[in-house]
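Source file data_39.pdb; content: PDB, C-alpha atoms.
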ATOM      1  CA  MET H 150     -59.729  44.852 -30.535
ATOM      2  CA  SER H 151     -61.385  41.874 -28.829
ATOM      3  CA  ASP H 152     -60.037  42.861 -25.422
ATOM      4  CA  GLU H 153     -61.723  39.982 -23.634
ATOM      5  CA  ILE H 154     -59.551  37.443 -25.507
ATOM      6  CA  TRP H 155     -56.046  37.148 -24.113
ATOM      7  CA  ALA H 156     -53.988  35.396 -26.748
ATOM      8  CA  ILE H 157     -51.366  32.655 -26.581
ATOM      9  CA  ASP H 158     -48.318  33.381 -28.756
ATOM     10  CA  SER H 159     -47.037  30.009 -29.891
ATOM     11  CA  VAL H 160     -43.697  31.134 -31.398
ATOM     12  CA  VAL H 161     -41.511  33.702 -29.606
ATOM     13  CA  ASN H 162     -37.745  34.114 -29.482
ATOM     14  CA  ILE H 163     -36.165  35.007 -26.151
ATOM     15  CA  TRP H 164     -34.525  38.341 -26.911
ATOM     16  CA  THR H 165     -32.630  39.486 -23.836
ATOM     17  CA  LYS H 166     -29.123  40.911 -24.159
ATOM     18  CA  GLU H 167     -27.858  37.740 -22.467
ATOM     19  CA  ALA H 168     -29.555  35.551 -25.070
ATOM     20  CA  LEU H 169     -28.097  37.635 -27.906
ATOM     21  CA  ALA H 170     -24.549  37.817 -26.552
ATOM     22  CA  ALA H 171     -23.259  34.632 -28.195
ATOM     23  CA  ARG H 172     -25.047  35.025 -31.535
ATOM     24  CA  PRO H 173     -23.376  35.940 -34.832
ATOM     25  CA  ASP H 174     -24.077  39.351 -36.318
ATOM     26  CA  ARG H 175     -27.560  39.381 -37.841
ATOM     27  CA  THR H 176     -27.854  43.118 -38.473
ATOM     28  CA  ALA H 177     -28.422  42.749 -42.210
ATOM     29  CA  PHE H 178     -31.231  40.263 -41.654
ATOM     30  CA  TYR H 179     -33.123  41.715 -38.692
ATOM     31  CA  ARG H 180     -32.582  45.445 -39.312
ATOM     32  CA  GLY H 181     -32.504  45.267 -43.108
ATOM     33  CA  LYS H 182     -34.557  42.356 -44.403
ATOM     34  CA  VAL H 183     -37.119  42.143 -41.584
ATOM     35  CA  GLY H 184     -37.125  45.751 -40.376
ATOM     36  CA  VAL H 185     -36.789  45.215 -36.614
ATOM     37  CA  ASP H 186     -36.376  48.543 -34.809
ATOM     38  CA  GLN H 187     -32.996  49.327 -33.269
ATOM     39  CA  GLU H 188     -34.169  49.216 -29.639
ATOM     40  CA  THR H 189     -35.639  45.752 -30.028
ATOM     41  CA  PHE H 190     -32.751  44.494 -32.139
ATOM     42  CA  GLU H 191     -30.243  45.303 -29.394
ATOM     43  CA  GLY H 192     -32.162  43.170 -26.891
ATOM     44  CA  ILE H 193     -34.965  43.779 -24.397
ATOM     45  CA  SER H 194     -35.567  42.573 -20.871
ATOM     46  CA  LEU H 195     -38.175  39.986 -20.007
ATOM     47  CA  GLU H 196     -40.094  42.733 -18.219
ATOM     48  CA  THR H 197     -40.174  44.878 -21.370
ATOM     49  CA  MET H 198     -41.346  41.880 -23.362
ATOM     50  CA  LEU H 199     -44.137  41.283 -20.867
ATOM     51  CA  ALA H 200     -45.201  44.929 -21.024
ATOM     52  CA  ARG H 201     -45.412  44.690 -24.814
ATOM     53  CA  MET H 202     -47.368  41.451 -24.529
ATOM     54  CA  ASP H 203     -49.785  43.117 -22.123
ATOM     55  CA  ALA H 204     -50.352  45.971 -24.567
ATOM     56  CA  ALA H 205     -51.287  43.391 -27.210
ATOM     57  CA  ARG H 206     -53.445  41.314 -24.841
ATOM     58  CA  ILE H 207     -51.098  38.328 -25.014
ATOM     59  CA  GLU H 208     -51.239  36.228 -21.887
ATOM     60  CA  ARG H 209     -48.498  33.678 -22.550
ATOM     61  CA  ALA H 210     -45.549  33.261 -24.917
ATOM     62  CA  PHE H 211     -43.908  29.993 -25.904
ATOM     63  CA  LEU H 212     -40.196  30.842 -25.740
ATOM     64  CA  VAL H 213     -37.957  28.925 -28.130
ATOM     65  CA  ALA H 214     -34.540  27.688 -27.023
ATOM     66  CA  ALA H 215     -33.594  27.606 -30.695
ATOM     67  CA  LYS H 216     -30.846  25.469 -32.188
ATOM     68  CA  VAL H 217     -29.874  27.359 -35.308
ATOM     69  CA  GLY H 218     -27.519  25.091 -37.223
ATOM     70  CA  VAL H 219     -24.529  23.113 -35.990
ATOM     71  CA  ARG H 220     -22.705  24.600 -33.004
ATOM     72  CA  TRP H 221     -19.280  24.580 -34.619
ATOM     73  CA  HIS H 222     -20.143  26.822 -37.584
ATOM     74  CA  PRO H 223     -19.585  30.586 -37.058
ATOM     75  CA  ALA H 224     -22.901  31.454 -38.743
ATOM     76  CA  CYS H 225     -24.844  29.243 -36.314
ATOM     77  CA  TYR H 226     -25.736  29.280 -32.635
ATOM     78  CA  HIS H 227     -27.695  27.433 -29.954
ATOM     79  CA  VAL H 228     -29.772  29.184 -27.323
ATOM     80  CA  PRO H 229     -29.033  27.370 -24.046
ATOM     81  CA  TYR H 230     -32.063  25.566 -22.665
ATOM     82  CA  GLU H 231     -31.241  27.047 -19.266
ATOM     83  CA  LEU H 232     -31.860  30.620 -20.476
ATOM     84  CA  VAL H 233     -35.428  29.746 -21.402
ATOM     85  CA  ALA H 234     -35.896  27.546 -18.325
ATOM     86  CA  ALA H 235     -34.827  30.451 -16.093
ATOM     87  CA  ALA H 236     -37.323  32.788 -17.780
ATOM     88  CA  VAL H 237     -40.091  30.230 -17.263
ATOM     89  CA  ARG H 238     -39.159  29.821 -13.594
ATOM     90  CA  GLN H 239     -39.232  33.589 -13.131
ATOM     91  CA  TYR H 240     -42.587  34.070 -14.866
ATOM     92  CA  PRO H 241     -44.337  30.672 -14.907
ATOM     93  CA  ASP H 242     -47.745  32.200 -15.652
ATOM     94  CA  ARG H 243     -46.463  34.072 -18.713
ATOM     95  CA  PHE H 244     -43.822  31.895 -20.382
ATOM     96  CA  SER H 245     -43.524  28.269 -21.481
ATOM     97  CA  GLY H 246     -40.439  26.661 -22.993
ATOM     98  CA  LEU H 247     -39.850  24.902 -26.324
ATOM     99  CA  ALA H 248     -36.699  22.818 -26.770
ATOM    100  CA  GLY H 249     -34.744  23.366 -29.978
ATOM    101  CA  LEU H 250     -33.488  20.306 -31.876
ATOM    102  CA  ASP H 251     -30.236  19.659 -33.741
ATOM    103  CA  PRO H 252     -30.310  16.366 -35.685
ATOM    104  CA  THR H 253     -26.517  16.114 -35.715
ATOM    105  CA  GLU H 254     -26.561  15.605 -31.940
ATOM    106  CA  GLY H 255     -28.195  12.189 -32.243
ATOM    107  CA  MET H 256     -29.106  10.476 -29.006
ATOM    108  CA  GLU H 257     -27.309  13.123 -26.973
ATOM    109  CA  GLY H 258     -29.854  15.607 -28.314
ATOM    110  CA  VAL H 259     -32.724  13.196 -27.692
ATOM    111  CA  ARG H 260     -31.699  12.820 -24.057
ATOM    112  CA  ALA H 261     -31.354  16.606 -23.711
ATOM    113  CA  LEU H 262     -34.909  16.987 -25.010
ATOM    114  CA  GLU H 263     -36.162  14.476 -22.457
ATOM    115  CA  ARG H 264     -34.437  16.316 -19.607
ATOM    116  CA  ALA H 265     -35.846  19.641 -20.788
ATOM    117  CA  VAL H 266     -39.383  18.253 -20.643
ATOM    118  CA  LYS H 267     -39.099  16.148 -17.496
ATOM    119  CA  GLU H 268     -36.846  18.383 -15.401
ATOM    120  CA  ASP H 269     -37.469  21.908 -16.703
ATOM    121  CA  GLY H 270     -41.107  21.631 -17.719
ATOM    122  CA  PHE H 271     -40.688  22.399 -21.422
ATOM    123  CA  ILE H 272     -43.971  21.822 -23.239
ATOM    124  CA  GLY H 273     -42.726  20.870 -26.706
ATOM    125  CA  ALA H 274     -39.934  20.745 -29.265
ATOM    126  CA  HIS H 275     -38.948  23.090 -32.101
ATOM    127  CA  PHE H 276     -36.640  22.872 -35.097
ATOM    128  CA  TYR H 277     -35.584  24.429 -38.399
ATOM    129  CA  PRO H 278     -35.129  21.871 -41.200
ATOM    130  CA  HIS H 279     -33.357  24.336 -43.478
ATOM    131  CA  TRP H 280     -30.506  25.093 -41.098
ATOM    132  CA  TYR H 281     -29.411  21.468 -41.501
ATOM    133  CA  GLU H 282     -30.680  21.043 -45.059
ATOM    134  CA  LEU H 283     -32.538  17.963 -43.857
ATOM    135  CA  PRO H 284     -36.250  17.835 -44.737
ATOM    136  CA  PRO H 285     -38.749  16.939 -41.998
ATOM    137  CA  ASP H 286     -39.099  13.365 -43.277
ATOM    138  CA  HIS H 287     -35.353  12.651 -43.059
ATOM    139  CA  ALA H 288     -34.408   9.721 -40.817
ATOM    140  CA  LYS H 289     -32.234  11.895 -38.560
ATOM    141  CA  TRP H 290     -35.319  13.629 -37.195
ATOM    142  CA  TYR H 291     -37.133  10.382 -36.388
ATOM    143  CA  PRO H 292     -35.531   9.674 -32.983
ATOM    144  CA  PHE H 293     -36.745  13.103 -31.846
ATOM    145  CA  TYR H 294     -40.262  12.399 -33.102
ATOM    146  CA  THR H 295     -40.246   9.105 -31.226
ATOM    147  CA  LYS H 296     -39.190  10.830 -28.008
ATOM    148  CA  CYS H 297     -41.889  13.504 -28.424
ATOM    149  CA  VAL H 298     -44.499  10.751 -28.700
ATOM    150  CA  GLU H 299     -43.114   9.045 -25.589
ATOM    151  CA  LEU H 300     -43.138  12.350 -23.682
ATOM    152  CA  GLY H 301     -46.560  13.355 -25.014
ATOM    153  CA  VAL H 302     -45.404  16.745 -26.327
ATOM    154  CA  PRO H 303     -45.913  18.421 -29.739
ATOM    155  CA  VAL H 304     -43.153  19.365 -32.148
ATOM    156  CA  GLN H 305     -43.197  22.554 -34.177
ATOM    157  CA  LEU H 306     -41.018  23.141 -37.224
ATOM    158  CA  GLN H 307     -40.618  25.722 -39.933
ATOM    159  CA  VAL H 308     -42.358  24.960 -43.195
ATOM    160  CA  GLY H 309     -42.179  26.967 -46.369
ATOM    161  CA  GLN H 310     -39.377  29.019 -47.821
ATOM    162  CA  SER H 311     -36.362  29.869 -45.692
ATOM    163  CA  LEU H 312     -34.627  33.203 -46.120
ATOM    164  CA  VAL H 313     -30.899  33.942 -46.271
ATOM    165  CA  TYR H 314     -30.076  34.782 -42.673
ATOM    166  CA  ASP H 315     -26.321  34.993 -43.194
ATOM    167  CA  SER H 316     -24.867  35.711 -46.631
ATOM    168  CA  SER H 317     -21.853  33.527 -45.829
ATOM    169  CA  TYR H 318     -24.082  30.520 -45.167
ATOM    170  CA  PRO H 319     -27.175  30.357 -47.437
ATOM    171  CA  ARG H 320     -29.441  27.393 -46.764
ATOM    172  CA  ARG H 321     -31.808  25.519 -49.062
ATOM    173  CA  SER H 322     -35.573  25.632 -48.466
ATOM    174  CA  VAL H 323     -36.142  21.970 -47.609
ATOM    175  CA  GLY H 324     -39.294  22.429 -45.518
ATOM    176  CA  ARG H 325     -41.998  21.782 -48.107
ATOM    177  CA  PRO H 326     -45.225  21.052 -46.228
ATOM    178  CA  ILE H 327     -45.743  17.870 -48.260
ATOM    179  CA  CYS H 328     -42.781  16.416 -46.326
ATOM    180  CA  LEU H 329     -45.048  16.280 -43.285
ATOM    181  CA  ASP H 330     -47.216  13.707 -45.021
ATOM    182  CA  ALA H 331     -44.788  10.850 -44.356
ATOM    183  CA  VAL H 332     -44.105  12.020 -40.807
ATOM    184  CA  ALA H 333     -47.801  12.182 -39.952
ATOM    185  CA  CYS H 334     -48.336   8.717 -41.418
ATOM    186  CA  ASP H 335     -45.393   7.250 -39.513
ATOM    187  CA  PHE H 336     -46.241   9.026 -36.228
ATOM    188  CA  PRO H 337     -50.038   9.331 -36.005
ATOM    189  CA  GLU H 338     -49.783  10.057 -32.250
ATOM    190  CA  LEU H 339     -47.395  12.982 -32.747
ATOM    191  CA  LYS H 340     -48.829  16.511 -32.777
ATOM    192  CA  ILE H 341     -47.014  18.283 -35.630
ATOM    193  CA  ILE H 342     -47.209  22.060 -36.013
ATOM    194  CA  GLY H 343     -45.940  23.647 -39.207
ATOM    195  CA  ILE H 344     -44.904  27.198 -38.313
ATOM    196  CA  HIS H 345     -44.452  30.275 -40.553
ATOM    197  CA  VAL H 346     -47.735  29.672 -42.453
ATOM    198  CA  GLY H 347     -46.061  27.546 -45.144
ATOM    199  CA  ILE H 348     -45.558  30.436 -47.553
ATOM    200  CA  PRO H 349     -45.247  30.103 -50.554
ATOM    201  CA  TRP H 350     -46.835  26.637 -50.257
ATOM    202  CA  THR H 351     -49.673  27.672 -47.941
ATOM    203  CA  ASP H 352     -52.320  25.654 -49.780
ATOM    204  CA  GLU H 353     -50.053  22.619 -49.505
ATOM    205  CA  MET H 354     -49.797  23.227 -45.743
ATOM    206  CA  ILE H 355     -53.576  23.521 -45.508
ATOM    207  CA  ALA H 356     -53.882  20.217 -47.387
ATOM    208  CA  MET H 357     -51.629  18.477 -44.856
ATOM    209  CA  ALA H 358     -53.601  19.862 -41.902
ATOM    210  CA  TRP H 359     -56.869  18.853 -43.575
ATOM    211  CA  LYS H 360     -55.648  15.333 -44.321
ATOM    212  CA  HIS H 361     -54.073  14.530 -40.953
ATOM    213  CA  ARG H 362     -55.817  14.958 -37.607
ATOM    214  CA  ASN H 363     -52.395  15.406 -35.938
ATOM    215  CA  VAL H 364     -51.080  18.192 -38.202
ATOM    216  CA  PHE H 365     -51.608  21.866 -37.349
ATOM    217  CA  ILE H 366     -50.407  25.283 -38.541
ATOM    218  CA  ALA H 367     -48.899  28.215 -36.653
ATOM    219  CA  ALA H 368     -49.569  31.576 -38.291
ATOM    220  CA  ASP H 369     -46.394  33.456 -37.414
ATOM    221  CA  ALA H 370     -43.476  35.304 -39.058
ATOM    222  CA  HIS H 371     -45.623  36.717 -41.887
ATOM    223  CA  SER H 372     -47.784  39.799 -41.285
ATOM    224  CA  PRO H 373     -51.493  38.884 -41.214
ATOM    225  CA  LYS H 374     -52.386  41.608 -43.701
ATOM    226  CA  TYR H 375     -50.309  39.760 -46.313
ATOM    227  CA  TRP H 376     -51.671  36.250 -45.672
ATOM    228  CA  PRO H 377     -53.177  34.474 -48.701
ATOM    229  CA  GLU H 378     -56.946  34.801 -48.818
ATOM    230  CA  SER H 379     -57.311  31.005 -48.804
ATOM    231  CA  PHE H 380     -55.506  30.884 -45.450
ATOM    232  CA  VAL H 381     -57.743  33.532 -43.886
ATOM    233  CA  ARG H 382     -60.833  31.645 -45.097
ATOM    234  CA  TYR H 383     -59.379  28.417 -43.674
ATOM    235  CA  ILE H 384     -58.932  29.941 -40.207
ATOM    236  CA  ASP H 385     -62.466  31.297 -40.297
ATOM    237  CA  SER H 386     -64.145  28.096 -41.498
ATOM    238  CA  TYR H 387     -63.200  24.414 -41.694
ATOM    239  CA  GLY H 388     -59.703  25.028 -40.316
ATOM    240  CA  GLN H 389     -60.820  26.865 -37.205
ATOM    241  CA  ASP H 390     -59.548  24.072 -34.927
ATOM    242  CA  LYS H 391     -56.241  23.754 -36.757
ATOM    243  CA  VAL H 392     -54.399  27.085 -36.642
ATOM    244  CA  LEU H 393     -52.480  28.764 -33.797
ATOM    245  CA  PHE H 394     -51.621  32.439 -33.371
ATOM    246  CA  GLY H 395     -47.944  33.396 -33.315
ATOM    247  CA  THR H 396     -45.520  36.225 -34.048
ATOM    248  CA  ASP H 397     -42.006  34.773 -34.198
ATOM    249  CA  PHE H 398     -41.065  37.886 -32.216
ATOM    250  CA  PRO H 399     -39.014  39.952 -32.951
ATOM    251  CA  VAL H 400     -39.751  39.177 -36.618
ATOM    252  CA  LEU H 401     -43.280  40.471 -35.945
ATOM    253  CA  GLN H 402     -44.135  42.873 -33.142
ATOM    254  CA  PHE H 403     -46.871  41.887 -30.698
ATOM    255  CA  GLU H 404     -49.187  44.904 -30.948
ATOM    256  CA  ARG H 405     -49.003  45.314 -34.699
ATOM    257  CA  THR H 406     -49.654  41.616 -35.280
ATOM    258  CA  ARG H 407     -52.631  41.563 -32.934
ATOM    259  CA  ALA H 408     -54.082  44.651 -34.609
ATOM    260  CA  GLU H 409     -53.678  43.102 -38.064
ATOM    261  CA  VAL H 410     -55.406  39.918 -36.901
ATOM    262  CA  GLU H 411     -58.325  42.025 -35.669
ATOM    263  CA  GLY H 412     -58.410  43.633 -39.104
ATOM    264  CA  LEU H 413     -59.126  40.274 -40.726
ATOM    265  CA  LYS H 414     -62.641  40.400 -39.243
ATOM    266  CA  LEU H 415     -62.757  36.731 -38.283
ATOM    267  CA  ARG H 416     -65.970  35.457 -36.738
ATOM    268  CA  PRO H 417     -65.950  35.481 -32.897
ATOM    269  CA  GLY H 418     -65.786  31.695 -32.506
ATOM    270  CA  PRO H 419     -62.908  31.044 -34.908
ATOM    271  CA  LEU H 420     -61.092  34.143 -33.616
ATOM    272  CA  ARG H 421     -61.121  32.862 -30.034
ATOM    273  CA  LYS H 422     -59.930  29.427 -31.148
ATOM    274  CA  PHE H 423     -57.166  30.935 -33.259
ATOM    275  CA  LEU H 424     -55.897  33.398 -30.666
ATOM    276  CA  ARG H 425     -56.110  31.139 -27.649
ATOM    277  CA  GLU H 426     -58.054  27.914 -27.419
ATOM    278  CA  ASN H 427     -56.252  25.890 -30.078
ATOM    279  CA  ALA H 428     -52.854  26.448 -28.488
ATOM    280  CA  LEU H 429     -54.148  25.494 -25.039
ATOM    281  CA  ARG H 430     -55.731  22.308 -26.399
ATOM    282  CA  ILE H 431     -52.885  21.184 -28.645
ATOM    283  CA  TYR H 432     -50.231  21.768 -25.999
ATOM    284  CA  GLY H 433     -52.370  20.358 -23.200
ATOM    285  CA  LEU H 434     -52.337  23.510 -21.069
ATOM    286  CA  ALA H 435     -54.969  24.464 -18.555
ATOM    287  CA  PRO H 436     -57.177  27.412 -19.639
TER     288      PRO H 436
END

Show me, as structure tokens, the structure contained in the file I just sent.
Amino acid sequence: MSDEIWAIDSVVNIWTKEALAARPDRTAFYRGKVGVDQETFEGISLETMLARMDAARIERAFLVAAKVGVRWHPACYHVPYELVAAAVRQYPDRFSGLAGLDPTEGMEGVRALERAVKEDGFIGAHFYPHWYELPPDHAKWYPFYTKCVELGVPVQLQVGQSLVYDSSYPRRSVGRPICLDAVACDFPELKIIGIHVGIPWTDEMIAMAWKHRNVFIAADAHSPKYWPESFVRYIDSYGQDKVLFGTDFPVLQFERTRAEVEGLKLRPGPLRKFLRENALRIYGLAP
């Protein structure tokens, strides 16, 4: 392992028992589909998370205050911004906050995003197109893009196939990477990060990042040992300034993911950019 490189994890779910208390039952998804171990699934403290990050040489995690569908539906939930803000206040050198977006909230949601950035120090926005079955180029997302440009913060969003997280509420996979083409054209100042690799449309995601200077990729949620060869080559060559390391913890565990990245045998320069430098640059954080 390249011990001298302390990574930045760009996609992490806050997973304390408090954060999980109001969520619907996801046992079938996390324990069955994804294979999260029982101890982790039941919730871990921030201190345990930090110890696991240390073991994987991860310096900082971007914690997502996720908005997972509309608040009124029993299969959906919102992580309160305050839970993430409190974690960041407690460990400001280890955590940064990302504000989840719900397009059904309209300007109320836009104003909440602004407060999260200006008052609580959140460094960016995050959303799941599939939970609302609204693709990234839908008009309802545009007020949030505008506010991100005004605030000078990036937005990250899931691209690629979505899974069935709750059998009572299956959602369509509306996050084709090609949908980012219109967004990047309409908002050339907006830093757009397509998370979850873009599988099964990874080459399409690479094409969007190659075309647009303001489009990037986060390599999370899919184990590195299963990444398409074209994606590994991209990270190690002409895409070395375009891809960010991530886990989507607890979907991927910190140590295993870091070890699998080391197993890809990336060149030292691209490896450092991927694990650390790209995230710092794109999010405007001090090294």

Counting all atoms listed in the file, which of H:Ala248, H:Val313, H:Cys328, H:Leu262 gets nearest to Lys296 in chain H?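 Smallest distance to Lys296 in chain H is found for H:Leu262.
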
With distances taken over all atoms listed in the file, which of H:Thr253, H:Asn363, H:Gln389, H:Thr396 is nearest to Leu415 in chain H?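 Ranked by minimum distance to Leu415 in chain H, first place goes to H:Gln389.
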
Might you spell out which residues the PyMOL selection byres ((chain H and resi 341) around 7) would select in the displayed file, as a PyMOL selection string? chain H and resi 303-305+339-340+342-343+363-365

Write out as an MDAnalysis selection string the residues lying within 10 Å of Pro349 in chain H, counting all atoms listed in the file and excluding same-chain residues fewer than 6 positions away. chainID H and resid 308:310 325 377

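Residues matched by the PyMOL selection byres ((chain H and resi 332) around 9) in this file are H:Pro285, H:Asp286, H:Tyr291, H:Tyr294, H:Cys328, H:Leu329, H:Asp330, H:Ala331, H:Ala333, H:Cys334, H:Asp335, H:Phe336, H:Pro337, H:Leu339, H:Ile341.
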
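When CA of Ala168 in chain H is paired with CA of Trp290 in chain H, their separation reads 25.7 Å.
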
The PyMOL selection byres ((chain H and resi 420) around 10) on the file shown: which residues, as a PDB file with C-alpha atoms, in the coordinates of the input?
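Dumped to out34.pdb:
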ATOM      1  CA  SER H 151     -61.385  41.874 -28.829  1.00  0.00           C
ATOM      2  CA  ILE H 154     -59.551  37.443 -25.507  1.00  0.00           C
ATOM      3  CA  ALA H 156     -53.988  35.396 -26.748  1.00  0.00           C
ATOM      4  CA  ILE H 384     -58.932  29.941 -40.207  1.00  0.00           C
ATOM      5  CA  ASP H 385     -62.466  31.297 -40.297  1.00  0.00           C
ATOM      6  CA  GLN H 389     -60.820  26.865 -37.205  1.00  0.00           C
ATOM      7  CA  PHE H 394     -51.621  32.439 -33.371  1.00  0.00           C
ATOM      8  CA  VAL H 410     -55.406  39.918 -36.901  1.00  0.00           C
ATOM      9  CA  GLU H 411     -58.325  42.025 -35.669  1.00  0.00           C
ATOM     10  CA  LEU H 413     -59.126  40.274 -40.726  1.00  0.00           C
ATOM     11  CA  LYS H 414     -62.641  40.400 -39.243  1.00  0.00           C
ATOM     12  CA  LEU H 415     -62.757  36.731 -38.283  1.00  0.00           C
ATOM     13  CA  ARG H 416     -65.970  35.457 -36.738  1.00  0.00           C
ATOM     14  CA  PRO H 417     -65.950  35.481 -32.897  1.00  0.00           C
ATOM     15  CA  GLY H 418     -65.786  31.695 -32.506  1.00  0.00           C
ATOM     16  CA  PRO H 419     -62.908  31.044 -34.908  1.00  0.00           C
ATOM     17  CA  ARG H 421     -61.121  32.862 -30.034  1.00  0.00           C
ATOM     18  CA  LYS H 422     -59.930  29.427 -31.148  1.00  0.00           C
ATOM     19  CA  PHE H 423     -57.166  30.935 -33.259  1.00  0.00           C
ATOM     20  CA  LEU H 424     -55.897  33.398 -30.666  1.00  0.00           C
ATOM     21  CA  ARG H 425     -56.110  31.139 -27.649  1.00  0.00           C
ATOM     22  CA  GLU H 426     -58.054  27.914 -27.419  1.00  0.00           C
TER      23      GLU H 426
END

Looking at H:Ile431, H:Gln402, H:Arg362, H:Thr351, which one is nearest to Tyr383 in chain H, with distances taken over only C-alpha atoms?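 Of H:Ile431, H:Gln402, H:Arg362, H:Thr351, the one nearest Tyr383 in chain H is H:Thr351, counting only C-alpha atoms.
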
Name the residues within 10 Å of (-46.3, 36.8, -44.7), counting all atoms listed in the file in the file's coordinates, and put them as an NGL selection string. :H and (345-349 or 368-377 or 401)

Please determine an axis-aligned box that encloses all atoms of range 306-322 of chain H listed in the file, with 3 Å added on each side, and express its centre and edge lengths in Å to one decimal as AutoDock Vina command-line options.
--center_x -32.1 --center_y 29.4 --center_z -43.1 --size_x 26.5 --size_y 18.6 --size_z 17.8

Check which residues of range 377-404 of chain H sit at most 12 Å from range 171-193 of chain H using all atoms listed in the file, and return one row each with the closest pair of atoms and their distance in Å to one decimal, ordered by chain and rising number, as a Markdown table.
| residue | atom | partner | partner_atom | distance |
| --- | --- | --- | --- | --- |
| H:Asp397 | CA | H:Val183 | CA | 11.5 |
| H:Phe398 | CA | H:Val185 | CA | 9.6 |
| H:Pro399 | CA | H:Val185 | CA | 6.8 |
| H:Val400 | CA | H:Val183 | CA | 6.4 |
| H:Leu401 | CA | H:Val185 | CA | 8.1 |
| H:Gln402 | CA | H:Val185 | CA | 8.5 |
| H:Phe403 | CA | H:Thr189 | CA | 11.9 |

Output the selection as an mmCIF file, keeping the file's coordinate frame - C-alpha atoms for each residue.
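Saved the output as out.cif:
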data_model
loop_
_atom_site.group_PDB
_atom_site.id
_atom_site.type_symbol
_atom_site.label_atom_id
_atom_site.label_comp_id
_atom_site.auth_asym_id
_atom_site.auth_seq_id
_atom_site.Cartn_x
_atom_site.Cartn_y
_atom_site.Cartn_z
ATOM 1 C CA ASP H 397 -42.006 34.773 -34.198
ATOM 2 C CA PHE H 398 -41.065 37.886 -32.216
ATOM 3 C CA PRO H 399 -39.014 39.952 -32.951
ATOM 4 C CA VAL H 400 -39.751 39.177 -36.618
ATOM 5 C CA LEU H 401 -43.280 40.471 -35.945
ATOM 6 C CA GLN H 402 -44.135 42.873 -33.142
ATOM 7 C CA PHE H 403 -46.871 41.887 -30.698
#

Within 12 Å of (-21.4, 30.2, -37.3) in the file's own coordinates, which protein, DNA or RNA residues have an atom, counting all atoms listed in the file? List them as a JSON list (two decimals) with C-alpha atoms, in the frame of the given file.
[["chain", "number", "residue", "atom", "x", "y", "z"],
["H", 171, "ALA", "CA", -23.26, 34.63, -28.20],
["H", 172, "ARG", "CA", -25.05, 35.02, -31.54],
["H", 173, "PRO", "CA", -23.38, 35.94, -34.83],
["H", 174, "ASP", "CA", -24.08, 39.35, -36.32],
["H", 175, "ARG", "CA", -27.56, 39.38, -37.84],
["H", 216, "LYS", "CA", -30.85, 25.47, -32.19],
["H", 217, "VAL", "CA", -29.87, 27.36, -35.31],
["H", 218, "GLY", "CA", -27.52, 25.09, -37.22],
["H", 219, "VAL", "CA", -24.53, 23.11, -35.99],
["H", 220, "ARG", "CA", -22.70, 24.60, -33.00],
["H", 221, "TRP", "CA", -19.28, 24.58, -34.62],
["H", 222, "HIS", "CA", -20.14, 26.82, -37.58],
["H", 223, "PRO", "CA", -19.58, 30.59, -37.06],
["H", 224, "ALA", "CA", -22.90, 31.45, -38.74],
["H", 225, "CYS", "CA", -24.84, 29.24, -36.31],
["H", 226, "TYR", "CA", -25.74, 29.28, -32.64],
["H", 227, "HIS", "CA", -27.70, 27.43, -29.95],
["H", 280, "TRP", "CA", -30.51, 25.09, -41.10],
["H", 314, "TYR", "CA", -30.08, 34.78, -42.67],
["H", 315, "ASP", "CA", -26.32, 34.99, -43.19],
["H", 316, "SER", "CA", -24.87, 35.71, -46.63],
["H", 317, "SER", "CA", -21.85, 33.53, -45.83],
["H", 318, "TYR", "CA", -24.08, 30.52, -45.17],
["H", 319, "PRO", "CA", -27.18, 30.36, -47.44]]
